[in-house]
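Shown next: final_10.cif, containing mmCIF, C-alpha atoms.
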```cif
data_structure
loop_
_atom_site.label_atom_id
_atom_site.label_comp_id
_atom_site.auth_asym_id
_atom_site.auth_seq_id
_atom_site.Cartn_x
_atom_site.Cartn_y
_atom_site.Cartn_z
CA MET A 1 -28.42 -52.07 -17.58
CA ARG A 2 -24.84 -53.32 -17.36
CA PHE A 3 -21.77 -52.79 -19.51
CA TYR A 4 -18.25 -54.13 -19.45
CA THR A 5 -15.44 -51.90 -20.70
CA GLY A 6 -11.78 -52.50 -21.50
CA ASP A 7 -9.28 -49.65 -21.38
CA GLU A 8 -5.70 -48.61 -22.02
CA ALA A 9 -4.73 -49.29 -18.40
CA GLY A 10 -5.48 -53.00 -18.82
CA LEU A 11 -8.62 -52.92 -16.65
CA ILE A 12 -11.98 -54.57 -17.29
CA LYS A 13 -14.71 -52.55 -15.55
CA ALA A 14 -18.35 -53.33 -14.85
CA VAL A 15 -20.65 -50.33 -15.31
CA ASP A 16 -24.16 -50.56 -13.83
CA ILE A 17 -26.62 -47.84 -14.81
CA ASP A 18 -30.10 -47.44 -13.35
CA HIS A 19 -32.28 -46.96 -16.40
CA LYS A 20 -34.95 -45.20 -14.31
CA VAL A 21 -32.59 -42.32 -13.45
CA SER A 22 -32.41 -39.94 -16.40
CA LEU A 23 -29.27 -37.99 -17.25
CA LEU A 24 -30.96 -34.70 -16.32
CA GLU A 25 -31.98 -36.06 -12.92
CA ALA A 26 -28.50 -37.51 -12.34
CA GLN A 27 -26.85 -34.18 -13.20
CA SER A 28 -29.24 -32.32 -10.88
CA LYS A 29 -28.42 -34.65 -7.99
CA ALA A 30 -24.71 -34.38 -8.83
CA ALA A 31 -24.84 -30.58 -8.62
CA LYS A 32 -26.51 -30.81 -5.20
CA LYS A 33 -23.85 -33.29 -4.07
CA VAL A 34 -21.04 -30.95 -5.22
CA ARG A 35 -22.57 -28.05 -3.27
CA ALA A 36 -23.02 -30.23 -0.18
CA ASP A 37 -19.42 -31.48 -0.37
CA ALA A 38 -18.10 -27.93 -0.79
CA LYS A 39 -20.12 -26.76 2.21
CA ALA A 40 -18.94 -29.70 4.31
CA LYS A 41 -15.35 -28.96 3.37
CA ILE A 42 -15.70 -25.31 4.38
CA ASN A 43 -17.35 -26.17 7.70
CA ALA A 44 -14.94 -28.99 8.48
CA LYS A 45 -12.83 -28.66 11.61
CA PRO A 46 -9.03 -28.46 11.30
CA GLY A 47 -7.63 -31.94 10.63
CA GLU A 48 -11.05 -33.39 9.83
CA LYS A 49 -11.20 -35.30 6.57
CA VAL A 50 -14.19 -34.93 4.29
CA GLU A 51 -14.83 -37.89 2.01
CA ILE A 52 -15.88 -36.96 -1.51
CA ALA A 53 -17.17 -39.71 -3.76
CA ASP A 54 -15.34 -40.26 -7.06
CA ASN A 55 -18.49 -41.02 -9.02
CA ILE A 56 -21.03 -38.35 -8.19
CA LEU A 57 -23.59 -39.14 -10.90
CA SER A 58 -26.66 -40.72 -9.35
CA GLY A 59 -27.69 -44.12 -10.69
CA VAL A 60 -24.20 -44.96 -12.03
CA ASP A 61 -21.90 -47.53 -10.44
CA VAL A 62 -18.44 -48.21 -11.93
CA ASN A 63 -16.40 -51.07 -10.44
CA ASN A 64 -13.15 -52.76 -11.33
CA PHE A 65 -14.18 -56.19 -12.63
CA SER A 66 -10.80 -57.69 -13.49
CA GLY A 67 -7.15 -56.79 -13.87
CA SER A 68 -4.72 -54.26 -12.43
CA VAL A 69 -3.25 -51.09 -13.89
CA SER A 70 -0.60 -51.98 -16.47
CA LYS A 71 0.05 -50.17 -19.74
CA GLU A 72 1.63 -53.35 -21.10
CA ARG A 73 -1.74 -55.13 -20.73
CA THR A 74 -3.82 -52.59 -22.65
CA VAL A 75 -7.07 -54.13 -23.88
CA GLN A 76 -7.01 -54.04 -27.68
CA GLN A 77 -9.93 -56.38 -28.43
CA MET A 78 -12.76 -57.71 -26.24
CA ILE A 79 -15.64 -60.03 -27.17
CA THR A 80 -18.07 -62.37 -25.40
CA GLY A 81 -18.13 -66.15 -25.69
CA SER A 82 -17.95 -69.31 -23.61
CA TYR A 83 -15.12 -71.39 -22.23
CA GLU A 84 -15.82 -74.93 -20.98
CA ASN A 85 -19.57 -74.20 -20.79
CA GLU A 86 -19.01 -71.02 -18.77
CA GLN A 87 -19.83 -67.56 -20.04
CA ALA A 88 -16.65 -65.61 -20.55
CA PHE A 89 -14.99 -62.55 -22.03
CA PHE A 90 -12.11 -63.03 -24.45
CA VAL A 91 -9.54 -60.26 -24.28
CA ALA A 92 -6.57 -59.56 -26.57
CA ARG A 93 -3.90 -57.48 -24.86
CA LYS A 94 -0.97 -55.33 -25.92
CA ASN A 95 1.60 -57.78 -24.50
CA GLY A 96 0.34 -60.58 -26.78
CA ASP A 97 -1.91 -62.39 -24.28
CA ILE A 98 -5.23 -63.88 -25.33
CA GLU A 99 -7.18 -64.32 -22.10
CA ALA A 100 -10.56 -65.83 -21.20
CA LEU A 101 -12.19 -64.25 -18.13
CA SER A 102 -15.13 -65.69 -16.23
CA LYS A 103 -18.18 -63.49 -16.59
CA ALA A 104 -19.36 -64.54 -13.14
CA THR A 105 -16.19 -63.93 -11.14
CA GLY A 106 -13.74 -62.08 -13.37
CA GLN A 107 -11.13 -64.76 -12.76
CA SER A 108 -8.80 -65.85 -15.53
CA LEU A 109 -9.86 -69.18 -17.07
CA TYR A 110 -7.36 -69.46 -19.91
CA VAL A 111 -4.31 -67.55 -21.14
CA TYR A 112 -2.32 -67.93 -24.32
CA SER A 113 0.76 -65.76 -24.85
CA GLU A 114 1.87 -65.07 -28.41
CA PRO A 115 5.65 -65.54 -28.69
CA ASP A 116 7.75 -62.51 -29.68
CA PHE A 117 4.66 -60.30 -29.85
CA THR A 118 6.30 -57.40 -28.05
CA GLU A 119 9.65 -57.46 -29.87
CA ASN A 120 10.76 -54.23 -31.51
CA ILE A 121 10.12 -54.15 -35.24
CA SER A 122 10.40 -51.53 -37.95
CA VAL A 123 8.61 -52.41 -41.16
CA LYS A 124 7.95 -49.84 -43.88
CA HIS A 125 4.51 -50.22 -45.41
CA LYS A 126 3.01 -47.80 -47.93
CA GLY A 127 5.37 -45.01 -46.92
CA LYS A 128 4.88 -45.43 -43.16
CA TYR A 129 6.74 -47.44 -40.54
CA ILE A 130 5.04 -50.06 -38.36
CA ASN A 131 6.97 -50.11 -35.07
CA GLY A 132 5.04 -52.71 -33.13
CA ARG A 133 2.44 -55.46 -33.29
CA SER A 134 -1.15 -54.99 -32.20
CA TYR A 135 -4.26 -57.13 -32.35
CA VAL A 136 -6.78 -55.96 -34.94
CA GLY A 137 -9.32 -58.75 -34.56
CA LEU A 138 -10.43 -61.60 -32.31
CA GLY A 139 -13.02 -64.35 -32.64
CA ALA A 140 -13.79 -67.14 -30.19
CA GLY A 141 -16.00 -70.20 -29.89
CA LYS A 142 -16.32 -73.31 -27.75
CA GLU A 143 -13.38 -75.02 -29.46
CA GLY A 144 -10.84 -72.21 -29.64
CA PHE A 145 -10.08 -68.72 -30.90
CA VAL A 146 -8.89 -66.92 -34.04
CA SER A 147 -6.69 -63.83 -33.70
CA CYS A 148 -5.08 -61.48 -36.19
CA SER A 149 -2.39 -58.82 -35.83
CA ASN A 150 -1.60 -55.74 -37.90
CA MET A 151 1.32 -57.70 -39.38
CA GLY A 152 -1.18 -60.11 -40.96
CA GLU A 153 -0.38 -62.97 -38.57
CA VAL A 154 -3.49 -65.14 -38.13
CA ARG A 155 -3.59 -67.83 -35.45
CA PHE A 156 -6.26 -70.54 -35.05
CA GLN A 157 -5.72 -72.03 -31.59
CA ARG A 158 -7.75 -74.81 -29.97
CA PHE A 159 -8.31 -74.78 -26.21
CA GLU A 160 -8.05 -78.50 -25.57
CA ASP A 161 -4.55 -78.93 -26.98
CA ALA A 162 -1.86 -76.26 -26.99
CA ASN A 163 -0.17 -78.04 -29.90
CA SER A 164 -3.36 -78.04 -31.98
CA VAL A 165 -2.72 -74.84 -33.86
CA GLY A 166 -3.08 -73.47 -37.37
CA MET A 167 -1.34 -70.36 -38.63
CA MET A 168 -1.33 -68.27 -41.80
CA LYS A 169 0.17 -65.02 -43.06
CA LEU A 170 -1.76 -62.19 -44.67
CA PRO A 171 -0.02 -59.13 -46.16
CA VAL A 172 1.32 -56.52 -43.75
CA GLY A 173 -1.03 -53.66 -42.93
CA VAL A 174 -4.23 -55.38 -41.83
CA VAL A 175 -6.45 -52.77 -40.18
CA LYS A 176 -9.39 -54.93 -39.10
CA MET A 177 -10.39 -58.57 -38.81
CA ARG A 178 -13.88 -59.63 -37.80
CA SER A 179 -15.19 -63.11 -37.06
CA HIS A 180 -18.70 -64.36 -37.87
CA LYS A 181 -20.95 -64.52 -34.80
CA ASP A 182 -22.32 -67.98 -35.70
CA LYS A 183 -19.06 -69.53 -36.92
CA PHE A 184 -15.97 -68.07 -35.33
CA THR A 185 -13.59 -69.75 -37.78
CA LEU A 186 -15.16 -67.75 -40.62
CA PHE A 187 -13.51 -64.34 -40.65
CA ALA A 188 -13.06 -61.32 -42.90
CA ALA A 189 -10.03 -59.05 -43.09
CA GLY A 190 -8.92 -55.91 -44.90
CA GLY A 191 -6.63 -52.93 -44.55
CA HIS A 192 -4.24 -50.59 -46.33
CA GLU A 193 -4.20 -51.68 -49.98
CA GLN A 194 -5.84 -54.93 -48.92
CA GLU A 195 -9.18 -55.75 -50.44
CA LEU A 196 -11.86 -57.44 -48.37
CA SER A 197 -11.18 -61.17 -48.10
CA ILE A 198 -13.16 -63.90 -46.33
CA TRP A 199 -11.43 -67.02 -44.99
CA ASP A 200 -12.20 -70.25 -43.20
CA ALA A 201 -9.53 -70.73 -40.55
CA GLU A 202 -10.07 -74.50 -40.45
CA THR A 203 -8.85 -74.88 -44.03
CA ALA A 204 -6.63 -71.82 -44.53
CA CYS A 205 -4.57 -72.10 -41.33
CA SER A 206 -2.06 -74.94 -41.16
CA GLY A 207 1.28 -75.70 -39.57
CA ASP A 208 2.99 -73.98 -36.68
CA SER A 209 4.53 -71.00 -38.48
CA TYR A 210 3.19 -67.94 -40.27
CA LEU A 211 3.27 -69.03 -43.91
CA GLU A 212 1.07 -68.49 -46.95
CA PRO A 213 -2.56 -69.69 -46.51
CA ALA A 214 -3.14 -73.38 -47.20
CA SER A 215 -6.24 -72.59 -49.28
CA GLU A 216 -7.73 -69.81 -51.35
CA PRO A 217 -10.09 -67.32 -49.69
CA LEU A 218 -13.80 -68.00 -49.86
CA PHE A 219 -14.20 -64.51 -51.29
CA ARG A 220 -11.91 -61.67 -52.34
CA SER A 221 -13.38 -58.36 -53.41
CA GLN A 222 -12.33 -56.36 -56.43
CA ASN A 223 -11.61 -52.65 -56.34
CA VAL A 224 -14.22 -50.25 -57.66
CA GLU A 225 -13.84 -48.76 -61.11
CA ASP A 226 -11.42 -45.87 -61.72
CA ASP A 227 -12.62 -42.40 -60.88
CA TRP A 228 -13.74 -39.81 -63.41
CA LEU A 229 -10.12 -38.83 -64.05
CA GLY A 230 -9.24 -42.41 -64.90
CA LEU A 231 -7.18 -42.81 -61.72
CA ARG A 232 -7.15 -45.90 -59.56
CA VAL A 233 -9.15 -45.56 -56.32
CA PRO A 234 -6.88 -46.34 -53.32
CA VAL A 235 -7.92 -49.13 -50.92
CA TRP A 236 -8.16 -48.43 -47.19
CA ILE A 237 -10.58 -50.72 -45.36
CA THR A 238 -11.08 -49.73 -41.72
CA ASP A 239 -13.92 -51.99 -40.51
CA MET A 240 -16.47 -54.55 -41.68
CA GLN A 241 -19.63 -56.28 -40.48
CA PHE A 242 -21.43 -59.49 -41.42
CA LEU A 243 -25.02 -58.56 -42.26
CA ASP A 244 -26.66 -62.00 -42.08
CA SER A 245 -26.31 -65.47 -40.57
CA ASN A 246 -25.28 -67.03 -43.89
CA THR A 247 -21.89 -68.68 -43.46
CA THR A 248 -21.57 -69.81 -47.09
CA ASN A 249 -22.20 -66.62 -49.05
CA PRO A 250 -22.54 -63.85 -46.46
CA GLN A 251 -23.38 -60.24 -47.17
CA MET A 252 -20.82 -57.75 -45.90
CA VAL A 253 -20.73 -54.03 -45.22
CA VAL A 254 -17.35 -52.30 -45.26
CA SER A 255 -16.17 -48.86 -44.17
CA THR A 256 -13.13 -47.12 -45.64
CA GLY A 257 -10.73 -44.37 -44.67
CA HIS A 258 -11.83 -42.54 -47.82
CA LYS A 259 -15.35 -41.88 -46.45
CA HIS A 260 -17.09 -44.80 -48.18
CA ILE A 261 -19.62 -47.36 -47.01
CA ARG A 262 -19.82 -50.36 -49.34
CA ILE A 263 -22.07 -53.42 -49.37
CA TYR A 264 -20.86 -56.69 -50.85
CA ASP A 265 -23.02 -59.61 -51.93
CA THR A 266 -20.45 -62.40 -52.07
CA LYS A 267 -22.77 -64.61 -54.10
CA ALA A 268 -23.47 -62.01 -56.79
CA GLN A 269 -20.19 -60.27 -57.65
CA ARG A 270 -16.76 -59.25 -56.39
CA ARG A 271 -17.36 -55.53 -56.65
CA PRO A 272 -19.70 -53.80 -54.18
CA VAL A 273 -23.39 -53.76 -55.03
CA HIS A 274 -23.70 -50.39 -53.26
CA SER A 275 -21.10 -47.71 -52.55
CA TRP A 276 -21.88 -44.43 -50.80
CA GLU A 277 -19.66 -41.53 -49.81
CA ILE A 278 -20.51 -40.39 -46.27
CA GLY A 279 -19.37 -37.20 -44.56
CA LYS A 280 -15.98 -35.53 -44.79
CA ASN A 281 -13.77 -37.65 -42.52
CA PRO A 282 -12.39 -41.21 -42.50
CA ILE A 283 -14.93 -43.72 -41.15
CA LEU A 284 -13.16 -45.85 -38.54
CA HIS A 285 -15.80 -47.98 -36.80
CA THR A 286 -19.13 -49.58 -37.71
CA LEU A 287 -21.88 -51.41 -35.85
CA ALA A 288 -24.64 -53.28 -37.71
CA SER A 289 -28.05 -53.49 -36.08
CA HIS A 290 -29.45 -56.99 -35.55
CA VAL A 291 -32.99 -55.60 -35.54
CA LYS A 292 -33.22 -53.21 -38.50
CA PRO A 293 -31.28 -52.61 -41.75
CA GLU A 294 -29.24 -49.89 -40.04
CA LEU A 295 -25.56 -49.19 -39.54
CA PHE A 296 -23.96 -47.03 -36.86
CA ILE A 297 -20.74 -45.36 -37.99
CA SER A 298 -18.12 -43.14 -36.37
CA ASP A 299 -15.20 -41.16 -37.77
CA ASN A 300 -11.88 -39.91 -36.42
CA LEU A 301 -13.37 -36.68 -34.99
CA GLY A 302 -16.00 -38.15 -32.70
CA ASN A 303 -18.94 -37.87 -35.11
CA MET A 304 -21.33 -40.79 -34.65
CA GLN A 305 -24.19 -41.28 -37.12
CA GLN A 306 -26.90 -43.71 -38.12
CA LEU A 307 -27.13 -44.93 -41.71
CA ASP A 308 -30.04 -46.58 -43.50
CA LEU A 309 -28.57 -49.52 -45.43
CA ARG A 310 -31.48 -49.55 -47.87
CA ASN A 311 -30.63 -46.21 -49.47
CA GLY A 312 -27.34 -45.04 -47.92
CA LYS A 313 -28.92 -41.99 -46.28
CA ILE A 314 -27.90 -40.59 -42.91
CA VAL A 315 -31.02 -40.69 -40.73
CA GLY A 316 -29.59 -39.15 -37.57
CA SER A 317 -26.54 -38.25 -35.51
CA TYR A 318 -25.56 -38.36 -31.85
CA LYS A 319 -24.33 -35.26 -30.04
CA GLY A 320 -22.07 -34.64 -27.07
CA ILE A 321 -19.06 -36.81 -27.95
CA ALA A 322 -15.74 -35.04 -27.30
CA GLY A 323 -13.23 -37.54 -28.71
CA ALA A 324 -12.85 -40.25 -31.30
CA VAL A 325 -15.16 -43.23 -30.76
CA ALA A 326 -13.34 -46.51 -30.06
CA ASP A 327 -16.25 -48.96 -29.88
CA MET A 328 -20.05 -49.19 -29.93
CA ALA A 329 -22.65 -51.62 -28.58
CA LEU A 330 -26.38 -52.10 -29.16
CA SER A 331 -29.11 -53.15 -26.72
CA GLU A 332 -30.91 -56.44 -27.24
CA ASP A 333 -34.09 -54.75 -28.51
CA GLY A 334 -32.10 -52.36 -30.71
CA LYS A 335 -33.64 -49.28 -29.11
CA LYS A 336 -30.49 -48.00 -27.41
CA VAL A 337 -26.88 -47.65 -28.50
CA ALA A 338 -23.78 -47.10 -26.38
CA GLU A 339 -20.36 -45.69 -27.29
CA VAL A 340 -16.97 -45.34 -25.64
CA GLY A 341 -13.83 -43.57 -26.72
CA LEU A 342 -10.88 -41.34 -26.01
CA ASP A 343 -12.81 -38.87 -23.84
CA ARG A 344 -13.13 -41.56 -21.10
CA PHE A 345 -16.94 -41.56 -21.08
CA LEU A 346 -19.50 -44.25 -21.73
CA ARG A 347 -22.65 -42.77 -23.21
CA VAL A 348 -26.04 -44.36 -23.89
CA TYR A 349 -28.34 -42.87 -26.54
CA GLU A 350 -31.74 -43.49 -27.98
CA ALA A 351 -31.09 -45.38 -31.18
CA ASP A 352 -34.05 -43.75 -32.96
CA GLY A 353 -36.36 -40.82 -32.48
CA MET A 354 -34.73 -37.75 -30.93
CA ARG A 355 -31.51 -39.73 -30.28
CA ARG A 356 -31.12 -38.11 -26.90
CA MET A 357 -28.28 -38.95 -24.55
CA LEU A 358 -29.96 -41.04 -21.84
CA HIS A 359 -27.07 -41.89 -19.54
CA ARG A 360 -23.40 -41.15 -19.06
CA ALA A 361 -20.63 -42.70 -16.98
CA TYR A 362 -17.05 -41.54 -16.41
CA ILE A 363 -14.56 -44.43 -16.68
CA LYS A 364 -11.32 -42.51 -15.75
CA GLN A 365 -9.19 -44.31 -18.37
CA ARG A 366 -9.34 -44.06 -22.15
CA VAL A 367 -11.71 -46.84 -23.16
CA THR A 368 -10.98 -49.18 -26.07
CA SER A 369 -13.85 -51.71 -25.94
CA VAL A 370 -17.40 -52.04 -24.65
CA VAL A 371 -19.78 -54.99 -24.31
CA TRP A 372 -23.49 -54.62 -23.47
CA ASP A 373 -24.62 -57.37 -21.07
CA TRP A 374 -27.95 -58.54 -22.45
CA ASP A 375 -28.46 -60.90 -19.50
CA VAL A 376 -29.19 -57.96 -17.19
CA LYS A 377 -32.74 -56.83 -17.94
CA ASP A 378 -34.23 -53.41 -17.25
CA ILE A 379 -37.40 -54.06 -15.24
CA ASP A 380 -39.65 -51.26 -13.97
CA GLN A 381 -41.39 -51.46 -10.59
CA ILE A 382 -44.73 -51.57 -12.42
CA ASP A 383 -43.65 -54.73 -14.23
CA ILE A 384 -42.47 -56.26 -10.94
CA ASP A 385 -45.82 -55.53 -9.24
CA ARG A 386 -47.73 -56.92 -12.21
CA GLN A 387 -45.65 -60.09 -12.20
CA GLU A 388 -46.15 -60.54 -8.44
CA THR A 389 -49.91 -60.16 -8.87
CA GLU A 390 -49.96 -62.75 -11.65
CA ASP A 391 -47.91 -65.14 -9.49
CA ILE A 392 -50.41 -64.77 -6.64
CA TRP A 393 -53.35 -65.55 -8.88
CA GLU A 394 -51.58 -68.52 -10.45
CA SER A 395 -50.71 -69.96 -7.01
CA MET A 396 -54.35 -69.94 -5.86
CA GLU A 397 -56.23 -73.21 -5.81
CA THR A 398 -59.05 -73.64 -8.27
CA LEU A 399 -62.34 -74.36 -6.50
CA GLY A 400 -65.18 -76.40 -7.91
CA LYS A 401 -68.37 -74.92 -9.30
CA LYS A 402 -70.55 -73.16 -6.80
CA PRO A 403 -73.70 -75.23 -6.15
CA SER A 404 -76.80 -73.59 -7.53
CA LYS A 405 -79.46 -72.40 -5.07
CA ARG A 406 -82.79 -74.22 -4.96
CA LYS A 407 -85.61 -72.28 -6.44
CA ALA A 408 -88.26 -71.26 -3.92
CA LYS A 409 -91.62 -73.01 -4.44
#
```

Please render this file's structure as structure tokens.
Amino acid sequence: MRFYTGDEAGLIKAVDIDHKVSLLEAQSKAAKKVRADAKAKINAKPGEKVEIADNILSGVDVNNFSGSVSKERTVQQMITGSYENEQAFFVARKNGDIEALSKATGQSLYVYSEPDFTENISVKHKGKYINGRSYVGLGAGKEGFVSCSNMGEVRFQRFEDANSVGMMKLPVGVVKMRSHKDKFTLFAAGGHEQELSIWDAETACSGDSYLEPASEPLFRSQNVEDDWLGLRVPVWITDMQFLDSNTTNPQMVVSTGHKHIRIYDTKAQRRPVHSWEIGKNPILHTLASHVKPELFISDNLGNMQQLDLRNGKIVGSYKGIAGAVADMALSEDGKKVAEVGLDRFLRVYEADGMRRMLHRAYIKQRVTSVVWDWDVKDIDQIDIDRQETEDIWESMETLGKKPSKRKAK
């Protein structure tokens, strides 16, 4: 299995993990390697250098795929897509660059730099100061990309013409923007005291400056009813996911900093059709399964859990995480889930069952994004032998019917 990670040092790394090597086996081999290195160092002659591998876990290979160390080029968003019929990664960086990287070579295919993105600002919003811009969402397709910053600045940029651009301004304090996987110009946004809103960038973005949207949103949610004391419930949307392929009236799931998971049916009503309070900490990140009605959630203390969207019940949790989770990714068959975060590790778990930690890789830098490469398949040797046997049989020529023997008189 292969993963691509983006980190705070501006690096994109390729992580290859041998699925046949379990974590227990890798740790056992690592302990033997540590003892062997220590013994070699003790027995080394004066002046003799003993090489010690950085990555001692067996079955794990971490390589620098693209970029060089630069705090100004911190990866803030990373998604997959295509650029001029070539598979690519789209990366939004701290310095304002939106970059397309070739998946095959890691070379830069396209770069757009947002003007004045790194200028010093000081904007007071809801009692707190925002001292700099950062990307909170990125969507890309064959024609162009849609980006959004925490200042509510949305850009719809086409690849073919640098002057073909549409821009719009949302309120300050956007926490998350997410684009639809089947139509990148359809995006949802929300944040501090900003209800969930769904927009079509092709109609809402216009002109070459950040002004009010040219059209009304396709959907804008309404806050839930007042609490039992008659007080207004504050709005703090931290993440959202599209739950279906419908681009006209999609269903959405939203997480909040007030420990809520809410499901919206945009065709039925503006208020959520389901609202559940989960755990004791703010929920910061979500990942919707494309196989089952499940949602993976993580909070600000490194707790990662699995939620059943049919009843709002927690069906399991994942242990061993030492820092806040920054991003999650799901395997193609939905049986495994990976997470990265502030503790600099990439971990792979069973999505269901015992939810054991299957693999682990140390990335060295604090990781901000992860992408699971579904093009790299996990094939066992048994499957390879079976396929080779089938190929041999299929390549054999088909002979005619064997002539029947004459019966003896």

Interatomic distance, atom CA of Asn163 of chain A to atom CA of Gly144 of chain A (Å, one decimal):
12.2 Å

Have a look at atom CA of Gly302 of chain A and atom CA of Val325 of chain A and let me know their distance in Å, one decimal.
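Atom CA of Val325 of chain A lies at a distance of 5.5 Å from atom CA of Gly302 of chain A.
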
Quote the spacing between atom CA of Thr286 of chain A and atom CA of Phe3 of chain A in Å to one decimal place.
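Atom-to-atom, atom CA of Thr286 of chain A to atom CA of Phe3 of chain A, that is 18.7 Å.
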
Nearest candidate to Trp372 of chain A (options A:Leu170, A:Ile17, A:Val235, A:Leu23; using only C-alpha atoms)
A:Ile17

Polymer residues at most 12 Å from Thr256 of chain A, only C-alpha atoms, same-chain spacing of 4 or more positions, as a ChimeraX atom specification:
/A:175-176,190-196,233-240,260-263,275-286,297-300

List, as a CSV table (one decimal) with C-alpha atoms, in the frame of the given file, every residue that the PyMOL selection byres ((chain A and resi 13) around 8) selects in the file provided.
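Output below, filename selection-v9.csv:
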```csv
chain,number,residue,atom,x,y,z
A,4,TYR,CA,-18.2,-54.1,-19.4
A,5,THR,CA,-15.4,-51.9,-20.7
A,6,GLY,CA,-11.8,-52.5,-21.5
A,11,LEU,CA,-8.6,-52.9,-16.6
A,12,ILE,CA,-12.0,-54.6,-17.3
A,14,ALA,CA,-18.4,-53.3,-14.8
A,15,VAL,CA,-20.6,-50.3,-15.3
A,62,VAL,CA,-18.4,-48.2,-11.9
A,63,ASN,CA,-16.4,-51.1,-10.4
A,64,ASN,CA,-13.2,-52.8,-11.3
A,65,PHE,CA,-14.2,-56.2,-12.6
A,66,SER,CA,-10.8,-57.7,-13.5
```

Surrounding residues of Gln241 of chain A excluding itself and chain neighbours under 6 positions, 10 Å, all atoms listed in the file, as JSON, numbers by chain:
{"A": [177, 178, 179, 180, 188, 251, 252, 253, 254, 255, 263, 285, 286, 287, 288, 289, 295]}

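Proximity to Glu225 of chain A was assessed for A:Arg270, A:Val21, A:Lys313, A:Phe345 counting only C-alpha atoms; the smallest distance is recorded for A:Arg270.
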
Dump as a compact mmCIF listing (two decimals) with C-alpha atoms, in the coordinates of the input all residues having an atom at most 10 Å from (14.8, -45.1, -36.3), computed in the file's coordinates with all atoms listed in the file.
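File written: selection_10.txt
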```txt
# COMPACT_ATOMS: atom_id res chain seq x y z
CA SER A 122 10.40 -51.53 -37.95
CA TYR A 129 6.74 -47.44 -40.54
CA ASN A 131 6.97 -50.11 -35.07
```

For the point (2.1, -62.4, -27.7) in file coordinates, what residues are within 10 Å, counting all atoms listed in the file? Give the answer as a PDB file with C-alpha atoms, keeping the file's coordinate frame?
```
ATOM      1  CA  ALA A  92      -6.570 -59.560 -26.570  1.00  0.00           C
ATOM      2  CA  ARG A  93      -3.900 -57.480 -24.860  1.00  0.00           C
ATOM      3  CA  LYS A  94      -0.970 -55.330 -25.920  1.00  0.00           C
ATOM      4  CA  ASN A  95       1.600 -57.780 -24.500  1.00  0.00           C
ATOM      5  CA  GLY A  96       0.340 -60.580 -26.780  1.00  0.00           C
ATOM      6  CA  ASP A  97      -1.910 -62.390 -24.280  1.00  0.00           C
ATOM      7  CA  ILE A  98      -5.230 -63.880 -25.330  1.00  0.00           C
ATOM      8  CA  TYR A 112      -2.320 -67.930 -24.320  1.00  0.00           C
ATOM      9  CA  SER A 113       0.760 -65.760 -24.850  1.00  0.00           C
ATOM     10  CA  GLU A 114       1.870 -65.070 -28.410  1.00  0.00           C
ATOM     11  CA  PRO A 115       5.650 -65.540 -28.690  1.00  0.00           C
ATOM     12  CA  ASP A 116       7.750 -62.510 -29.680  1.00  0.00           C
ATOM     13  CA  PHE A 117       4.660 -60.300 -29.850  1.00  0.00           C
ATOM     14  CA  THR A 118       6.300 -57.400 -28.050  1.00  0.00           C
ATOM     15  CA  GLU A 119       9.650 -57.460 -29.870  1.00  0.00           C
ATOM     16  CA  ARG A 133       2.440 -55.460 -33.290  1.00  0.00           C
ATOM     17  CA  SER A 134      -1.150 -54.990 -32.200  1.00  0.00           C
ATOM     18  CA  TYR A 135      -4.260 -57.130 -32.350  1.00  0.00           C
ATOM     19  CA  SER A 149      -2.390 -58.820 -35.830  1.00  0.00           C
TER      20      SER A 149
END
```

List the residues matched by the PyMOL selection byres ((chain A and resi 70-73) around 8) in the displayed structure as a ChimeraX atom specification, ordered by chain and then by residue number.
/A:8-10,68-69,74-75,93-95

Between A:Glu332, A:Asp343, A:Glu99, A:Asp327, which one has atoms that come closest to Thr368 of chain A, using all atoms listed in the file?
A:Asp327

A:Gln269, A:Gln77, A:Ser221, A:Ser22 ranked by distance to Ala100 of chain A, top pick (using only C-alpha atoms)
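When distances to Ala100 of chain A are compared using only C-alpha atoms, the smallest one comes from A:Gln77.
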
Tell me, as a PyMOL selection string, which residues lie within 9 Å of Ser317 of chain A, counting all atoms listed in the file; anything in the same chain fewer than 5 positions away does not count.
chain A and resi 303-306+355

With a distance cut-off of 7 Å and only C-alpha atoms, select the neighbouring residues of segment 209-216 of chain A, excluding the residue or stretch itself and same-chain residues fewer than 6 positions from it, and output the selection as a tab-separated table (two decimals) with C-alpha atoms, in the coordinates of the input.
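And here is the file that came out, result.tsv:
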```tsv
chain	number	residue	atom	x	y	z
A	153	GLU	CA	-0.38	-62.97	-38.57
A	167	MET	CA	-1.34	-70.36	-38.63
A	168	MET	CA	-1.33	-68.27	-41.80
A	169	LYS	CA	0.17	-65.02	-43.06
A	203	THR	CA	-8.85	-74.88	-44.03
```

Residues within 12 Å of Leu109 of chain A, please, as a compact mmCIF listing (two decimals) with C-alpha atoms, in the coordinates of the input. Count all atoms listed in the file; anything in the same chain fewer than 2 positions from it doesn't count.
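This went into out.txt:
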```txt
# COMPACT_ATOMS: atom_id res chain seq x y z
CA SER A 82 -17.95 -69.31 -23.61
CA TYR A 83 -15.12 -71.39 -22.23
CA GLU A 84 -15.82 -74.93 -20.98
CA ASN A 85 -19.57 -74.20 -20.79
CA GLU A 86 -19.01 -71.02 -18.77
CA GLN A 87 -19.83 -67.56 -20.04
CA ALA A 88 -16.65 -65.61 -20.55
CA PHE A 89 -14.99 -62.55 -22.03
CA PHE A 90 -12.11 -63.03 -24.45
CA VAL A 91 -9.54 -60.26 -24.28
CA ILE A 98 -5.23 -63.88 -25.33
CA GLU A 99 -7.18 -64.32 -22.10
CA ALA A 100 -10.56 -65.83 -21.20
CA LEU A 101 -12.19 -64.25 -18.13
CA SER A 102 -15.13 -65.69 -16.23
CA LYS A 103 -18.18 -63.49 -16.59
CA ALA A 104 -19.36 -64.54 -13.14
CA THR A 105 -16.19 -63.93 -11.14
CA GLY A 106 -13.74 -62.08 -13.37
CA GLN A 107 -11.13 -64.76 -12.76
CA VAL A 111 -4.31 -67.55 -21.14
CA TYR A 112 -2.32 -67.93 -24.32
CA PHE A 159 -8.31 -74.78 -26.21
```
